[in-house]
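Q: Take this structure first; my questions come after.
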Amino acid sequence: MEGQSQDVSSAEAVDTTTSPNRPDTVSSNQHPSLAGLAHVESVTDERLRGWVHNDAADLLNDGLRVSIDGTPFANIAPQGLKAAPGVARYADKKIFELRLPRVPDTAPRRLIDVAFAKNGQALPNSSRHPLPLRRPAKALVMIPAGARYEHDKIKLHRWPVERVIDTYSNIGDLMVYDSTLKLLAFEDVEVANIVDFTDKDVDRYNAEFDFVFLRGSNFIHEFMQWERAGELIARLRIPVYAIGVGAQAESNRRIDLPPEALRVWSGIADHCAQIGVRGTFSAQVLADNGIKNVEVVGCPSMFRARDEKLKIKVKEAYDIRKIAFSLRRETGKGYARNIEEYLRIQRDFMLRLDKESNLTVTLHGEREEKAFFFRHPERIEAAVNTLRGNGWLTGQNEAQILKIYENQLFFNRSVEQYDEFIRTMDLAIGYRVHGILPAMAGGVPGVLVDYDERSKELAETHCIPLISEEEVATASWRDIYKPELFDKFQKAFPQRYRTMREFLNRNSVPHRL
């Protein structure tokens, strides 16, 4: 297809090594009407690839015009586009590919534009600097978590113990960031400034970095504070990827995104082939808001071992001794359907697990429990008062809970500490997505409690055993755990792994899967 797509009779190839970038190049952000009709999927230093929908046949009459640094390079004639029979995502679409001229690695960074020759409208995800294939990429990250060390590992910041206790830091955020880094191939990562960046910052990002990625998290909701992220994305000439992002809601309901959130997600959609989301609920939320170049890929944490042949070490129930229970006492109306019942059921289930197994409670951010873990007398006293005041501790359960908190808590300061710990467990069960997913990624069977749409959709995407709050309210773990629970996960995992890999390939994301 490469040789057929370049129509040199319409636009001769030119020497682009010294052509200046054109600051007045039309951005595809100015042509929202083309969304769903055409899209540039990826631009690398070797080729560009994209598609045009059959409904855009009239626009395609004169072909596609490809420019490099504002200078015409080639026309792709209509007959140069090819159908992709049997590929569902390209149904009613035709694909174009074009080989780009090779230039020395030391040459100035080029700007590639693709537009309909008929009217000059730029395709979405046009006006991009090519991704390098012959050298390691430099990446920017938006909204990271923790501190990076040893290239692709994440840990808490080096704060005093008191600050670690007093700050609610969701360990799951560290886990998903660490997992994303383990999927990607890169030379270095720098944090993108989305708060008070300057024109100089934007120029440097476009000149020195190859792509941007948003840490996978539940960022799709009405209350997310984006600062100036939408403005920054609109000014970037490099790809922006979202890998495993999700919607957050207490139930399966419509989420109408506010203007700034729409600007962010529309901007990301215009800077990549597809946005990778955690599940069908997140995909539907974006579709309801007009963003449809989306694919369900799951969560990066599920693939952190980079092992397509991952096997869960399933034991018979009588061999289960050590159970890790992931606590989520911190909550709100966007997470739990009934907060009072949610807390009561969770607490009582934890107490039953303690009586029935060698229990360890894993902490993922709660301040009061961290006071016990770090054995900080002053904060323990304050924690006990808080837990009595909010009803977590009662006259009937206080002795048992304090026994657990004094002897059976685990809190990880780095992601690799959790990996090492969870491999010593026989079973992980509980309320934290990132207590269960990384356990299963490490081969340990896990069961997730269904308490909101985020946990439910991830469990459904990855075929992770899911139990309702009604079951948890009365059940023993022995009523829940069955070795055959993990058959569906085991069967589905290789395909889910390939789906993530194909998604990264389609976006030309440098990766290690």
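FYI, nothing fancy with the structure tokens labels: chains A, B, ... in order, residues from 1 per chain, ligands from 1 as they appear.
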Give me, as a list in words, all polymer residues having an atom no more than 7 Å from A:Val296, counting only C-alpha atoms and skipping those fewer than 5 positions away in the same chain.
A: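 Counting only C-alpha atoms, the residues come to Gly276, Val277, Arg278, Gly279, Thr280 and Ala283 of chain A.
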Q: Per residue of stretch 211-324 of chain A within 9 Å of stretch 335-354 of chain A, note the shortest atom pair and the distance in Å to one decimal, counting only C-alpha atoms, and order the rows by chain and increasing residue number, as JSON lines.
A:
{"residue": "A:Gln248", "atom": "CA", "partner": "A:Tyr335", "partner_atom": "CA", "distance": 7.4}
{"residue": "A:Ala249", "atom": "CA", "partner": "A:Tyr335", "partner_atom": "CA", "distance": 6.1}
{"residue": "A:Glu250", "atom": "CA", "partner": "A:Tyr335", "partner_atom": "CA", "distance": 4.6}
{"residue": "A:Ser251", "atom": "CA", "partner": "A:Arg337", "partner_atom": "CA", "distance": 7.1}
{"residue": "A:Ile323", "atom": "CA", "partner": "A:Leu353", "partner_atom": "CA", "distance": 8.0}
Q: When you look at A:Arg512 with a cut-off of 10 Å (counting only C-alpha atoms), what residues show up, excluding the ones that are within fewer than 3 positions of it in the same chain? I need them as a ChimeraX atom specification.
A: /A:181-186,306,501,504,509
Q: Atom CA of A:Val191 and atom CA of A:Pro144 are how many Å apart?
A: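 Between atom CA of A:Val191 and atom CA of A:Pro144 the gap works out to 7.1 Å.
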Q: As number ranges by chain, please: the residues near stretch 405-408 of chain A (cut-off 7 Å, only C-alpha atoms, same-chain neighbours under 5 positions excluded).
A: A: 359-361, 369, 372
Q: Since we have the selection now, will you write its residues out, keeping all heavy atoms, as an mmCIF file, in the first residue's frame?
A:
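Wrote part-v9.cif, looks like this:
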data_model
loop_
_atom_site.group_PDB
_atom_site.id
_atom_site.type_symbol
_atom_site.label_atom_id
_atom_site.label_comp_id
_atom_site.auth_asym_id
_atom_site.auth_seq_id
_atom_site.Cartn_x
_atom_site.Cartn_y
_atom_site.Cartn_z
ATOM 1 N N LEU A 359 -4.855 -13.301 58.684
ATOM 2 C CA LEU A 359 -5.233 -12.086 57.969
ATOM 3 C C LEU A 359 -4.159 -11.006 58.030
ATOM 4 O O LEU A 359 -3.576 -10.761 59.087
ATOM 5 C CB LEU A 359 -6.535 -11.522 58.551
ATOM 6 C CG LEU A 359 -7.012 -10.180 57.982
ATOM 7 C CD1 LEU A 359 -7.498 -10.349 56.545
ATOM 8 C CD2 LEU A 359 -8.108 -9.578 58.863
ATOM 9 N N THR A 360 -3.947 -10.349 56.885
ATOM 10 C CA THR A 360 -3.200 -9.100 56.829
ATOM 11 C C THR A 360 -4.085 -8.072 56.141
ATOM 12 O O THR A 360 -4.630 -8.336 55.056
ATOM 13 C CB THR A 360 -1.884 -9.241 56.043
ATOM 14 O OG1 THR A 360 -1.060 -10.223 56.673
ATOM 15 C CG2 THR A 360 -1.138 -7.923 56.000
ATOM 16 N N VAL A 361 -4.244 -6.915 56.751
ATOM 17 C CA VAL A 361 -5.032 -5.828 56.158
ATOM 18 C C VAL A 361 -4.066 -4.886 55.446
ATOM 19 O O VAL A 361 -3.139 -4.342 56.063
ATOM 20 C CB VAL A 361 -5.828 -5.069 57.234
ATOM 21 C CG1 VAL A 361 -6.558 -3.873 56.620
ATOM 22 C CG2 VAL A 361 -6.827 -6.013 57.913
ATOM 23 N N GLU A 369 -5.251 4.390 60.049
ATOM 24 C CA GLU A 369 -4.575 3.099 60.031
ATOM 25 C C GLU A 369 -3.068 3.264 59.868
ATOM 26 O O GLU A 369 -2.277 2.496 60.443
ATOM 27 C CB GLU A 369 -5.153 2.226 58.906
ATOM 28 C CG GLU A 369 -6.490 1.587 59.228
ATOM 29 C CD GLU A 369 -7.675 2.541 59.128
ATOM 30 O OE1 GLU A 369 -7.493 3.716 58.719
ATOM 31 O OE2 GLU A 369 -8.801 2.130 59.450
ATOM 32 N N PHE A 372 -1.265 3.654 63.121
ATOM 33 C CA PHE A 372 -0.967 2.382 63.773
ATOM 34 C C PHE A 372 0.220 1.694 63.107
ATOM 35 O O PHE A 372 1.099 1.157 63.797
ATOM 36 C CB PHE A 372 -2.199 1.463 63.727
ATOM 37 C CG PHE A 372 -3.236 1.783 64.751
ATOM 38 C CD1 PHE A 372 -4.277 2.650 64.456
ATOM 39 C CD2 PHE A 372 -3.177 1.230 66.017
ATOM 40 C CE1 PHE A 372 -5.245 2.952 65.400
ATOM 41 C CE2 PHE A 372 -4.136 1.520 66.976
ATOM 42 C CZ PHE A 372 -5.174 2.391 66.665
#
Q: List every residue of stretch 238-367 of chain A that DSSP, applied to the backbone, labels as strand (DSSP E), and write the result as a list in words.
A: Val240, Tyr241, Ala242, Ile243, Gly244, Val245, Ile275, Gly276, Val277, Val294, Glu295, Val296, Lys322, Ile323, Ala324, Phe325, Ser326, Asn358, Leu359, Thr360, Val361 and Thr362 of chain A
Q: Looking at only C-alpha atoms, which of A:Thr180, A:Ser455, A:Asn412, A:Ser357 is the one that sits closest to A:Ala247?
A: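 Closest to A:Ala247 of all the choices is A:Ser455.
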Q: Report, in Å with one decimal, the straight-line distance from atom CA of A:Tyr241 to atom CA of A:Val141.
A: 9.5 Å
